[in-house]
$ cat final_18.txt   # compact mmCIF, C-alpha atoms
# COMPACT_ATOMS: atom_id res chain seq x y z
CA MET V 1233 0.00 0.00 0.00
CA PRO V 1234 1.16 3.57 -0.61
CA ILE V 1235 2.59 5.47 2.31
CA ARG V 1236 0.17 8.03 3.64
CA THR V 1237 1.16 11.62 4.06
CA ARG V 1238 1.37 13.03 7.57
CA LEU V 1239 -1.64 12.50 9.79
CA THR V 1240 -4.10 15.35 9.93
CA ALA V 1241 -5.07 17.29 13.04
CA ALA V 1242 -7.28 14.39 14.09
CA VAL V 1243 -4.16 12.31 14.46
CA ALA V 1244 -2.39 14.79 16.70
CA THR V 1245 -3.56 12.66 19.61
CA ALA V 1246 -1.23 9.86 18.55
CA VAL V 1247 1.67 12.27 18.28
CA LEU V 1248 0.90 13.54 21.76
CA LEU V 1249 0.66 9.99 23.03
CA GLY V 1250 4.07 9.30 21.56
CA SER V 1251 5.50 11.90 23.90
CA LEU V 1252 4.65 9.61 26.79
CA THR V 1253 7.62 7.53 25.76
CA ALA V 1254 10.07 10.37 25.31
CA CYS V 1255 12.29 9.16 28.13
CA GLY V 1256 12.42 5.62 26.71
CA GLN V 1257 15.17 3.98 24.75
CA GLU V 1258 14.81 3.27 21.04
CA ALA V 1259 14.62 -0.35 20.00
CA LYS V 1260 17.48 -1.73 17.97
CA GLY V 1261 17.03 -2.44 14.29
CA GLY V 1262 14.46 -1.34 11.73
CA SER V 1263 11.08 -2.75 10.76
CA ARG V 1264 10.96 -5.85 8.59
CA TYR V 1265 7.48 -4.86 7.44
CA LYS V 1266 6.33 -2.61 4.65
CA PRO V 1267 4.82 0.46 6.31
CA ASP V 1268 1.05 0.73 5.84
CA THR V 1269 -0.27 4.13 6.79
CA GLY V 1270 -3.01 4.42 4.21
CA LYS V 1271 -5.95 6.55 5.25
CA GLY V 1272 -8.26 4.43 7.36
CA ALA V 1273 -5.89 1.50 7.86
CA THR V 1274 -7.54 -1.03 10.18
CA ILE V 1275 -5.96 -2.27 13.41
CA GLY V 1276 -6.88 -5.74 14.69
CA LEU V 1277 -7.35 -5.83 18.46
CA ALA V 1278 -7.54 -9.35 19.93
CA MET V 1279 -8.52 -9.32 23.61
CA PRO V 1280 -8.88 -12.46 25.75
CA THR V 1281 -12.29 -12.18 27.42
CA LYS V 1282 -15.28 -10.07 28.39
CA SER V 1283 -15.61 -11.83 31.73
CA SER V 1284 -13.31 -9.24 33.34
CA GLU V 1285 -14.19 -5.55 33.32
CA ARG V 1286 -10.47 -4.87 33.01
CA TRP V 1287 -10.26 -6.48 29.54
CA ILE V 1288 -13.42 -4.76 28.34
CA ALA V 1289 -11.85 -1.44 29.34
CA ASP V 1290 -8.55 -2.34 27.63
CA GLY V 1291 -10.24 -3.13 24.34
CA GLU V 1292 -12.49 -0.08 24.39
CA ASN V 1293 -9.67 2.27 25.40
CA MET V 1294 -7.45 1.08 22.57
CA ALA V 1295 -10.24 1.18 20.01
CA LYS V 1296 -11.12 4.77 20.94
CA GLN V 1297 -7.52 5.95 20.94
CA PHE V 1298 -6.62 4.27 17.64
CA GLN V 1299 -9.76 5.80 16.11
CA LYS V 1300 -8.78 9.24 17.40
CA ALA V 1301 -5.43 8.68 15.72
CA GLY V 1302 -7.17 8.20 12.37
CA TYR V 1303 -7.35 4.41 12.20
CA ARG V 1304 -10.24 1.99 11.96
CA THR V 1305 -10.35 -0.87 14.45
CA ASP V 1306 -11.51 -4.48 14.50
CA LEU V 1307 -12.01 -5.37 18.20
CA GLN V 1308 -12.58 -9.02 19.06
CA TYR V 1309 -12.84 -10.90 22.38
CA GLY V 1310 -11.89 -14.57 22.58
CA ASP V 1311 -14.17 -15.58 25.48
CA ASP V 1312 -11.17 -17.29 27.14
CA LYS V 1313 -11.15 -19.93 24.40
CA VAL V 1314 -7.84 -20.29 22.58
CA GLU V 1315 -9.48 -21.65 19.45
CA ASN V 1316 -11.71 -18.56 19.28
CA GLN V 1317 -8.75 -16.21 19.47
CA ILE V 1318 -6.83 -18.11 16.81
CA ALA V 1319 -9.86 -18.01 14.48
CA GLN V 1320 -10.29 -14.28 15.11
CA LEU V 1321 -6.63 -13.62 14.32
CA GLU V 1322 -6.83 -15.73 11.15
CA ASN V 1323 -9.84 -13.68 10.08
CA MET V 1324 -7.98 -10.43 10.76
CA ILE V 1325 -5.05 -11.64 8.65
CA THR V 1326 -7.36 -12.67 5.81
CA LYS V 1327 -8.99 -9.23 5.89
CA GLY V 1328 -5.60 -7.57 5.61
CA ARG V 1329 -5.46 -5.77 8.95
CA SER V 1330 -2.46 -3.43 9.03
CA LEU V 1331 -1.39 -4.23 12.60
CA LEU V 1332 -2.34 -6.83 15.22
CA VAL V 1333 -2.45 -6.00 18.93
CA VAL V 1334 -2.83 -9.24 20.87
CA ALA V 1335 -3.54 -9.94 24.53
CA ALA V 1336 -3.09 -13.69 24.40
CA ILE V 1337 -5.37 -16.17 26.14
CA ASP V 1338 -2.55 -18.73 26.02
CA GLY V 1339 0.77 -17.06 25.29
CA SER V 1340 2.29 -20.21 23.79
CA ALA V 1341 -0.57 -21.16 21.44
CA LEU V 1342 -0.21 -18.52 18.73
CA THR V 1343 2.97 -19.58 16.94
CA ASP V 1344 1.34 -20.80 13.72
CA VAL V 1345 -1.16 -17.99 13.30
CA LEU V 1346 1.46 -15.32 13.95
CA GLY V 1347 3.68 -17.03 11.40
CA ARG V 1348 0.91 -16.36 8.89
CA ALA V 1349 0.74 -12.75 10.05
CA HIS V 1350 4.47 -12.44 9.41
CA ASP V 1351 4.13 -13.93 5.95
CA ALA V 1352 1.41 -11.38 5.23
CA GLY V 1353 3.67 -8.53 6.38
CA ILE V 1354 1.55 -7.67 9.41
CA PRO V 1355 3.41 -6.44 12.52
CA VAL V 1356 2.37 -7.67 15.96
CA ILE V 1357 2.35 -5.91 19.33
CA SER V 1358 1.98 -8.17 22.34
CA TYR V 1359 -0.35 -6.43 24.79
CA ASP V 1360 0.12 -6.91 28.56
CA ARG V 1361 0.63 -10.68 28.24
CA LEU V 1362 3.86 -11.63 26.48
CA ILE V 1363 3.37 -13.94 23.50
CA LEU V 1364 5.73 -16.92 23.79
CA GLY V 1365 7.64 -19.24 21.51
CA THR V 1366 7.71 -17.17 18.32
CA GLU V 1367 9.98 -14.65 16.64
CA ASN V 1368 6.93 -13.07 15.06
CA VAL V 1369 6.13 -10.57 17.80
CA ASP V 1370 7.67 -7.15 17.33
CA TYR V 1371 7.01 -5.23 20.55
CA TYR V 1372 5.54 -5.69 23.99
CA ALA V 1373 3.56 -3.12 25.99
CA SER V 1374 2.73 -3.85 29.61
CA PHE V 1375 3.22 -2.82 33.21
CA ASP V 1376 6.22 -3.75 35.33
CA ASN V 1377 4.76 -7.11 36.33
CA GLU V 1378 7.49 -8.07 38.76
CA ARG V 1379 6.88 -4.79 40.56
CA VAL V 1380 3.19 -5.70 40.84
CA GLY V 1381 4.18 -8.82 42.78
CA ARG V 1382 6.57 -6.84 44.96
CA LEU V 1383 3.87 -4.27 45.76
CA GLU V 1384 1.42 -7.01 46.79
CA ALA V 1385 3.95 -8.80 48.98
CA GLN V 1386 5.36 -5.63 50.51
CA TYR V 1387 1.85 -4.55 51.43
CA ILE V 1388 1.39 -7.78 53.39
CA VAL V 1389 4.72 -7.26 55.16
CA GLU V 1390 3.79 -3.71 56.13
CA LYS V 1391 0.20 -4.51 57.12
CA LEU V 1392 1.34 -7.32 59.42
CA LYS V 1393 4.13 -5.05 60.75
CA LEU V 1394 6.74 -7.72 60.18
CA GLY V 1395 9.67 -5.33 60.11
CA LYS V 1396 12.99 -6.71 58.94
CA PRO V 1397 13.05 -10.41 58.04
CA ASP V 1398 15.93 -11.15 60.43
CA ASP V 1399 13.93 -9.85 63.39
CA THR V 1400 12.62 -13.10 64.86
CA SER V 1401 11.32 -11.57 68.07
CA GLY V 1402 7.93 -10.53 66.66
CA ASP V 1403 4.70 -12.43 66.16
CA THR V 1404 4.38 -15.13 63.51
CA TYR V 1405 1.60 -15.30 60.95
CA ASN V 1406 -0.04 -17.77 58.57
CA ILE V 1407 -0.24 -16.94 54.88
CA GLU V 1408 -1.55 -18.74 51.80
CA LEU V 1409 -0.33 -18.09 48.27
CA PHE V 1410 -2.19 -17.78 44.99
CA ALA V 1411 -0.73 -17.29 41.53
CA GLY V 1412 -2.21 -16.39 38.15
CA SER V 1413 -2.92 -18.61 35.18
CA PRO V 1414 -0.15 -21.06 34.23
CA ASP V 1415 -0.51 -20.16 30.54
CA ASP V 1416 0.03 -16.44 31.15
CA ASN V 1417 3.68 -15.40 31.09
CA ASN V 1418 2.94 -12.56 33.52
CA THR V 1419 2.26 -15.10 36.25
CA LYS V 1420 5.94 -15.93 36.69
CA TYR V 1421 6.85 -12.26 36.93
CA PHE V 1422 4.22 -11.53 39.59
CA TRP V 1423 5.30 -14.63 41.51
CA SER V 1424 9.00 -13.82 41.25
CA GLY V 1425 8.47 -10.28 42.51
CA ALA V 1426 6.35 -11.43 45.44
CA MET V 1427 8.69 -14.23 46.45
CA LYS V 1428 11.70 -11.92 46.51
CA VAL V 1429 9.90 -10.04 49.28
CA LEU V 1430 8.33 -12.97 51.15
CA GLN V 1431 11.03 -15.67 51.05
CA PRO V 1432 13.19 -14.09 53.79
CA TYR V 1433 10.16 -14.12 56.11
CA PHE V 1434 9.51 -17.80 55.32
CA LYS V 1435 13.13 -18.52 56.13
CA SER V 1436 13.01 -16.66 59.45
CA GLY V 1437 9.74 -18.29 60.44
CA ARG V 1438 7.80 -15.03 60.65
CA LEU V 1439 5.49 -16.27 57.90
CA THR V 1440 4.22 -19.84 57.59
CA VAL V 1441 2.34 -21.46 54.70
CA ARG V 1442 0.43 -24.15 56.57
CA SER V 1443 -0.66 -25.89 53.37
CA ARG V 1444 3.02 -26.14 52.32
CA GLN V 1445 1.96 -25.11 48.83
CA THR V 1446 4.86 -22.76 48.27
CA LYS V 1447 5.72 -23.47 44.63
CA MET V 1448 4.16 -21.52 41.79
CA ASN V 1449 2.81 -24.61 40.06
CA GLN V 1450 0.93 -25.48 43.28
CA ALA V 1451 -0.66 -22.03 43.47
CA THR V 1452 -1.67 -21.24 39.88
CA THR V 1453 -5.27 -20.43 38.99
CA LEU V 1454 -6.28 -21.41 35.46
CA ARG V 1455 -7.66 -18.45 33.47
CA TRP V 1456 -7.42 -16.31 36.62
CA ASP V 1457 -10.84 -17.71 37.52
CA GLY V 1458 -12.43 -16.58 40.80
CA GLY V 1459 -14.53 -19.74 41.11
CA THR V 1460 -11.44 -21.91 40.82
CA ALA V 1461 -9.72 -19.80 43.48
CA GLN V 1462 -12.75 -20.09 45.78
CA LYS V 1463 -12.71 -23.88 45.56
CA ARG V 1464 -8.98 -24.02 46.28
CA MET V 1465 -9.32 -21.65 49.26
CA ASP V 1466 -12.17 -23.80 50.62
CA ASP V 1467 -9.87 -26.80 50.43
CA LEU V 1468 -6.92 -25.00 52.03
CA ILE V 1469 -9.03 -23.88 54.98
CA SER V 1470 -10.69 -27.24 55.59
CA LYS V 1471 -7.42 -29.20 55.46
CA ASN V 1472 -5.05 -26.82 57.25
CA TYR V 1473 -6.88 -24.40 59.51
CA GLY V 1474 -8.83 -26.21 62.20
CA THR V 1475 -8.11 -24.01 65.20
CA GLN V 1476 -5.57 -21.89 63.34
CA LYS V 1477 -6.46 -18.75 61.39
CA VAL V 1478 -5.38 -17.34 58.04
CA ASP V 1479 -3.66 -14.01 58.58
CA ALA V 1480 -2.87 -13.09 54.96
CA VAL V 1481 -3.52 -14.26 51.41
CA LEU V 1482 -1.30 -13.28 48.51
CA SER V 1483 -3.73 -12.91 45.60
CA PRO V 1484 -2.47 -11.68 42.22
CA TYR V 1485 -5.79 -10.47 40.79
CA ASP V 1486 -9.06 -8.93 41.99
CA GLY V 1487 -11.28 -11.64 40.50
CA ILE V 1488 -9.29 -14.26 42.39
CA SER V 1489 -9.46 -12.12 45.54
CA LEU V 1490 -13.26 -12.02 45.47
CA GLY V 1491 -13.37 -15.81 45.18
CA ILE V 1492 -11.00 -16.11 48.13
CA ILE V 1493 -13.17 -13.76 50.20
CA SER V 1494 -16.27 -15.86 49.46
CA ALA V 1495 -14.48 -18.98 50.72
CA LEU V 1496 -13.27 -17.20 53.85
CA LYS V 1497 -16.75 -15.88 54.65
CA SER V 1498 -18.17 -19.38 54.25
CA ALA V 1499 -15.60 -20.53 56.82
CA GLY V 1500 -16.71 -17.90 59.34
CA TYR V 1501 -14.31 -15.05 58.58
CA GLY V 1502 -15.54 -11.50 58.38
CA SER V 1503 -16.77 -10.88 61.93
CA LYS V 1504 -15.24 -8.83 64.75
CA SER V 1505 -14.12 -11.99 66.51
CA ARG V 1506 -12.71 -13.51 63.30
CA PRO V 1507 -11.77 -10.71 60.88
CA LEU V 1508 -10.83 -11.32 57.29
CA PRO V 1509 -7.10 -11.68 56.65
CA VAL V 1510 -5.00 -9.24 54.64
CA ILE V 1511 -5.93 -9.92 51.01
CA THR V 1512 -4.12 -8.38 48.04
CA GLY V 1513 -5.26 -8.01 44.44
CA GLN V 1514 -4.58 -6.42 41.08
CA ASP V 1515 -6.36 -4.30 38.44
CA ALA V 1516 -8.48 -2.04 40.68
CA GLU V 1517 -11.72 -3.50 39.32
CA LEU V 1518 -14.79 -1.66 40.57
CA ALA V 1519 -16.18 -4.59 42.60
CA SER V 1520 -12.87 -4.99 44.41
CA VAL V 1521 -12.41 -1.27 45.04
CA LYS V 1522 -15.87 -1.27 46.65
CA SER V 1523 -14.84 -4.35 48.63
CA ILE V 1524 -11.77 -2.47 49.87
CA ILE V 1525 -13.93 0.48 50.92
CA ARG V 1526 -16.20 -1.97 52.83
CA GLY V 1527 -13.17 -3.37 54.63
CA GLU V 1528 -13.11 -6.80 52.97
CA GLN V 1529 -10.38 -6.99 50.33
CA THR V 1530 -7.43 -5.06 51.71
CA GLN V 1531 -5.37 -3.92 48.72
CA THR V 1532 -5.22 -3.90 44.94
CA VAL V 1533 -2.64 -2.78 42.39
CA PHE V 1534 -3.89 -0.09 40.02
CA LYS V 1535 -2.74 -0.37 36.41
CA ASP V 1536 -4.18 2.52 34.42
CA THR V 1537 -5.19 0.76 31.23
CA ARG V 1538 -5.85 4.11 29.56
CA LYS V 1539 -2.12 4.84 29.75
CA LEU V 1540 -1.29 1.36 28.49
CA ALA V 1541 -3.67 1.88 25.57
CA ALA V 1542 -2.03 5.24 24.84
CA GLN V 1543 1.41 3.64 24.87
CA THR V 1544 0.24 0.88 22.53
CA VAL V 1545 -1.28 3.38 20.10
CA ALA V 1546 1.97 5.35 20.07
CA MET V 1547 3.96 2.17 19.39
CA GLY V 1548 1.56 1.05 16.67
CA ASP V 1549 1.57 4.45 14.98
CA ALA V 1550 5.37 4.44 14.96
CA VAL V 1551 5.51 0.96 13.43
CA LEU V 1552 3.04 1.91 10.71
CA HIS V 1553 5.15 4.95 9.86
CA ASP V 1554 8.34 2.87 9.73
CA ARG V 1555 9.68 4.51 12.87
CA LYS V 1556 11.23 2.77 15.86
CA PRO V 1557 8.86 2.88 18.83
CA LYS V 1558 10.30 4.04 22.12
CA VAL V 1559 10.98 1.21 24.56
CA ASN V 1560 12.45 1.16 28.06
CA ASP V 1561 13.35 -2.53 28.46
CA THR V 1562 15.48 -4.43 25.97
CA THR V 1563 16.71 -7.25 28.22
CA GLY V 1564 13.98 -8.46 30.57
CA TYR V 1565 11.36 -10.13 28.37
CA HIS V 1566 12.57 -13.20 26.50
CA ASN V 1567 9.73 -15.20 24.97
CA GLY V 1568 11.73 -18.35 24.34
CA LYS V 1569 12.77 -17.28 20.85
CA LYS V 1570 13.87 -13.68 21.22
CA ILE V 1571 14.07 -10.75 23.58
CA VAL V 1572 11.01 -8.67 22.77
CA PRO V 1573 11.61 -4.89 22.99
CA SER V 1574 9.23 -3.66 25.66
CA TYR V 1575 7.73 -0.60 27.25
CA LEU V 1576 6.75 -1.06 30.90
CA LEU V 1577 4.53 1.31 32.87
CA ASP V 1578 4.54 1.68 36.66
CA PRO V 1579 1.70 0.22 38.77
CA VAL V 1580 0.34 1.85 41.96
CA SER V 1581 -0.70 0.19 45.24
CA ILE V 1582 -4.23 1.08 46.39
CA ASP V 1583 -5.90 0.47 49.74
CA LYS V 1584 -8.68 2.12 51.73
CA LYS V 1585 -6.52 5.16 52.46
CA ASN V 1586 -5.94 6.17 48.85
CA THR V 1587 -8.90 4.95 46.79
CA HIS V 1588 -9.47 8.66 46.13
CA LEU V 1589 -6.59 8.47 43.64
CA LEU V 1590 -8.85 6.49 41.32
CA VAL V 1591 -11.32 9.37 41.38
CA ASP V 1592 -8.61 12.02 41.12
CA GLU V 1593 -7.24 10.28 38.03
CA GLY V 1594 -10.71 10.08 36.49
CA TYR V 1595 -10.63 6.28 36.42
CA PHE V 1596 -13.86 6.10 38.44
CA THR V 1597 -16.34 8.75 39.53
CA ALA V 1598 -17.05 9.37 43.20
CA GLY V 1599 -20.58 8.09 42.59
CA GLN V 1600 -19.29 4.75 41.30
CA LEU V 1601 -17.42 4.13 44.54
CA LYS V 1602 -20.46 4.66 46.78
$ encode --input "final_18.txt" --output "structure tokens"
Amino acid sequence: MPIRTRLTAAVATAVLLGSLTACGQEAKGGSRYKPDTGKGATIGLAMPTKSSERWIADGENMAKQFQKAGYRTDLQYGDDKVENQIAQLENMITKGRSLLVVAAIDGSALTDVLGRAHDAGIPVISYDRLILGTENVDYYASFDNERVGRLEAQYIVEKLKLGKPDDTSGDTYNIELFAGSPDDNNTKYFWSGAMKVLQPYFKSGRLTVRSRQTKMNQATTLRWDGGTAQKRMDDLISKNYGTQKVDAVLSPYDGISLGIISALKSAGYGSKSRPLPVITGQDAELASVKSIIRGEQTQTVFKDTRKLAAQTVAMGDAVLHDRKPKVNDTTGYHNGKKIVPSYLLDPVSIDKKNTHLLVDEGYFTAGQLK
């Protein structure tokens, strides 16, 4: 396709968004794709599911911002079924989409279809979840996922007032550990970040996992499903906590946290005599923010998906103009075939004391949090 002339005033948004990455580092090497900036080029957006408000917001934010930048969009949700997402991507390739932005359901299941995208000259941006096992992913846009895990774990340490890990004079506490989906590459980063904080307290005896399920593969939650987490928490309580109590639960995601809370309430937690433990989360979903305000879930990690969408639009616009997108990590994200140049945004810890930040940032209205 012919190269389009400079974007009109309607596309100034994308230029402005590109400034968000001004402090980043340019990726090495040029594009292997023929630039396609024809007026009205269509971007394929493949999101994993509509079962989470977070992913609905991601898709809608990107669609709106790409449209403001002068592009058309083809937004599809895979309903957490890998075969659906593959079929949607195949359809996007057949229709000649100019760019694919993919939040993978299973990061290792897209090798063949992305090979076809490569053959068709279509660049690929991996969105929030790193696509694995293929050279045919050009860039990655996400949050600092290891930092998310550190924020969750550090919150538990501070809330329980554990102090330094080598201080063995204080009280000891029971904790249970949950991880994300085993087919999501982010899971290992969250887990790694959290364990770097918690392991010294396990070693000193300040924290005890009574179930002894301390390995990531024992704690994963397929598809990040709250019902699956609820069943596991039920089992952990019934088998390990007769007269003992759970003092903290490391949960990597709000939907999992709500399932954990349901199990704990069924076991008698949530009263003055038996309060709920410290429970972390991620994504600042509305139901969980309200739960935090009610004093149930204790913490979540806010990842402003509007900013992630803006970053992705800026990267996509650069690729389609044969420019090198700004990145700020060129070493940390290896997908098994290559290091994928990445741009990572910073997450923010939220608890009852600072939920107002979500209103201040315009993420929610004050009325939504009542």
$ residues_around --input "final_18.txt" --residues "region 1436-1440 of chain V" --least-positions-apart "2" --cutoff "6 Å" --atoms "only C-alpha atoms" --output "list in words"
Thr1404, Tyr1405, Asn1406, Ile1407, Tyr1433, Phe1434 and Arg1442 of chain V
$ residues_around --input "final_18.txt" --residues "Ile1357 (chain V)" --least-positions-apart "4" --cutoff "7 Å" --atoms "all atoms listed in the file" --output "list in words"
Leu1332, Val1333, Val1334, Val1369, Asp1370, Tyr1371 and Tyr1372 of chain V
$ residues_around --input "final_18.txt" --residues "Leu1430 (chain V)" --least-positions-apart "4" --cutoff "9 Å" --atoms "all atoms listed in the file" --output "list in words"
Arg1382, Ala1385, Gln1386, Ile1388, Val1389, Pro1397, Ala1426, Phe1434, Lys1435 and Leu1439 of chain V
$ residues_around --input "final_18.txt" --residues "Gly1412 (chain V)" --least-positions-apart "6" --cutoff "8 Å" --atoms "only C-alpha atoms" --output "PyMOL selection string"
chain V and resi 1418-1419+1451-1456+1484-1485
$ residues_near_point --input "final_18.txt" --point "(-16.2, -6.7, 32.4)" --cutoff "12 Å" --atoms "only C-alpha atoms" --output "ChimeraX atom specification"
/V:1279-1292,1309,1311,1487,1515,1517-1519
$ write_last_selection --input "final_18.txt" --atoms "C-alpha atoms" --output "mmCIF file, in the frame of the given file"
data_model
loop_
_atom_site.group_PDB
_atom_site.id
_atom_site.type_symbol
_atom_site.label_atom_id
_atom_site.label_comp_id
_atom_site.auth_asym_id
_atom_site.auth_seq_id
_atom_site.Cartn_x
_atom_site.Cartn_y
_atom_site.Cartn_z
ATOM 1 C CA MET V 1279 -8.520 -9.320 23.610
ATOM 2 C CA PRO V 1280 -8.880 -12.460 25.750
ATOM 3 C CA THR V 1281 -12.290 -12.180 27.420
ATOM 4 C CA LYS V 1282 -15.280 -10.070 28.390
ATOM 5 C CA SER V 1283 -15.610 -11.830 31.730
ATOM 6 C CA SER V 1284 -13.310 -9.240 33.340
ATOM 7 C CA GLU V 1285 -14.190 -5.550 33.320
ATOM 8 C CA ARG V 1286 -10.470 -4.870 33.010
ATOM 9 C CA TRP V 1287 -10.260 -6.480 29.540
ATOM 10 C CA ILE V 1288 -13.420 -4.760 28.340
ATOM 11 C CA ALA V 1289 -11.850 -1.440 29.340
ATOM 12 C CA ASP V 1290 -8.550 -2.340 27.630
ATOM 13 C CA GLY V 1291 -10.240 -3.130 24.340
ATOM 14 C CA GLU V 1292 -12.490 -0.080 24.390
ATOM 15 C CA TYR V 1309 -12.840 -10.900 22.380
ATOM 16 C CA ASP V 1311 -14.170 -15.580 25.480
ATOM 17 C CA GLY V 1487 -11.280 -11.640 40.500
ATOM 18 C CA ASP V 1515 -6.360 -4.300 38.440
ATOM 19 C CA GLU V 1517 -11.720 -3.500 39.320
ATOM 20 C CA LEU V 1518 -14.790 -1.660 40.570
ATOM 21 C CA ALA V 1519 -16.180 -4.590 42.600
#
$ residues_around --input "final_18.txt" --residues "Asp1466 (chain V)" --least-positions-apart "5" --cutoff "8 Å" --atoms "all atoms listed in the file" --output "ChimeraX atom specification"
/V:1495-1496,1499
$ write_last_selection --input "final_18.txt" --atoms "C-alpha atoms" --output "mmCIF file, in the coordinates of the input"
data_model
loop_
_atom_site.group_PDB
_atom_site.id
_atom_site.type_symbol
_atom_site.label_atom_id
_atom_site.label_comp_id
_atom_site.auth_asym_id
_atom_site.auth_seq_id
_atom_site.Cartn_x
_atom_site.Cartn_y
_atom_site.Cartn_z
ATOM 1 C CA ALA V 1495 -14.480 -18.980 50.720
ATOM 2 C CA LEU V 1496 -13.270 -17.200 53.850
ATOM 3 C CA ALA V 1499 -15.600 -20.530 56.820
#
$ residues_near_point --input "final_18.txt" --point "(-3.7, -5.8, 10.0)" --cutoff "8 Å" --atoms "all atoms listed in the file" --output "list of chain:residue names"
V:Ala1273, V:Thr1274, V:Ile1275, V:Gly1276, V:Met1324, V:Ile1325, V:Lys1327, V:Gly1328, V:Arg1329, V:Ser1330, V:Leu1331, V:Leu1332, V:Ile1354, V:Pro1355
$ atom_distance --input "final_18.txt" --atom1 "CA of Thr1460 (chain V)" --atom2 "CA of Leu1362 (chain V)"
23.4 Å
$ atom_distance --input "final_18.txt" --atom1 "CA of Lys1535 (chain V)" --atom2 "CA of Pro1579 (chain V)"
5.1 Å
$ closest_residue --input "final_18.txt" --among "V:Tyr1387, V:Gly1527, V:Gly1564, V:Gly1459" --to "Leu1482 (chain V)" --atoms "only C-alpha atoms"
V:Tyr1387
$ closest_residue --input "final_18.txt" --among "V:Ile1525, V:Ala1373, V:Ala1411, V:Val1478" --to "Tyr1501 (chain V)" --atoms "only C-alpha atoms"
V:Val1478
$ closest_residue --input "final_18.txt" --among "V:Gly1568, V:Gly1347, V:Pro1509, V:Gly1310" --to "Ala1335 (chain V)" --atoms "all atoms listed in the file"
V:Gly1310
$ atom_distance --input "final_18.txt" --atom1 "CA of Ser1581 (chain V)" --atom2 "CA of Arg1538 (chain V)"
17.0 Å
$ closest_residue --input "final_18.txt" --among "V:Gln1297, V:Thr1475, V:Thr1366, V:Ser1340" --to "Lys1570 (chain V)" --atoms "all atoms listed in the file"
V:Thr1366
$ closest_residue --input "final_18.txt" --among "V:Phe1596, V:Tyr1303, V:Phe1298, V:Phe1410" --to "Ser1489 (chain V)" --atoms "all atoms listed in the file"
V:Phe1410
$ closest_residue --input "final_18.txt" --among "V:Asn1377, V:Ser1523, V:Gln1445, V:Thr1563" --to "Gly1425 (chain V)" --atoms "all atoms listed in the file"
V:Asn1377
$ build_atoms --input "final_18.txt" --residues "region 1335-1348 of chain V" --atoms "N, CA and C atoms" --output "compact mmCIF listing (two decimals), in the frame of the given file"
# COMPACT_ATOMS: atom_id res chain seq x y z
N ALA V 1335 -3.64 -9.51 23.14
CA ALA V 1335 -3.54 -9.94 24.53
C ALA V 1335 -3.90 -11.41 24.55
N ALA V 1336 -2.91 -12.25 24.64
CA ALA V 1336 -3.09 -13.69 24.40
C ALA V 1336 -3.85 -14.38 25.53
N ILE V 1337 -4.74 -15.30 25.16
CA ILE V 1337 -5.37 -16.17 26.14
C ILE V 1337 -4.35 -17.18 26.64
N ASP V 1338 -3.65 -17.81 25.71
CA ASP V 1338 -2.55 -18.73 26.02
C ASP V 1338 -1.35 -18.23 25.22
N GLY V 1339 -0.36 -17.70 25.95
CA GLY V 1339 0.77 -17.06 25.29
C GLY V 1339 1.59 -17.97 24.41
N SER V 1340 1.47 -19.28 24.57
CA SER V 1340 2.29 -20.21 23.79
C SER V 1340 1.52 -20.88 22.65
N ALA V 1341 0.28 -20.46 22.41
CA ALA V 1341 -0.57 -21.16 21.44
C ALA V 1341 -0.72 -20.43 20.11
N LEU V 1342 0.04 -19.36 19.90
CA LEU V 1342 -0.21 -18.52 18.73
C LEU V 1342 0.91 -18.58 17.69
N THR V 1343 1.81 -19.52 17.82
CA THR V 1343 2.97 -19.58 16.94
C THR V 1343 2.59 -19.67 15.47
N ASP V 1344 1.70 -20.59 15.13
CA ASP V 1344 1.34 -20.80 13.72
C ASP V 1344 0.62 -19.60 13.13
N VAL V 1345 -0.37 -19.09 13.86
CA VAL V 1345 -1.16 -17.99 13.30
C VAL V 1345 -0.32 -16.72 13.16
N LEU V 1346 0.61 -16.51 14.08
CA LEU V 1346 1.46 -15.32 13.95
C LEU V 1346 2.51 -15.51 12.86
N GLY V 1347 2.84 -16.76 12.56
CA GLY V 1347 3.68 -17.03 11.40
C GLY V 1347 2.98 -16.59 10.12
N ARG V 1348 1.67 -16.80 10.06
CA ARG V 1348 0.91 -16.36 8.89
C ARG V 1348 0.83 -14.84 8.84
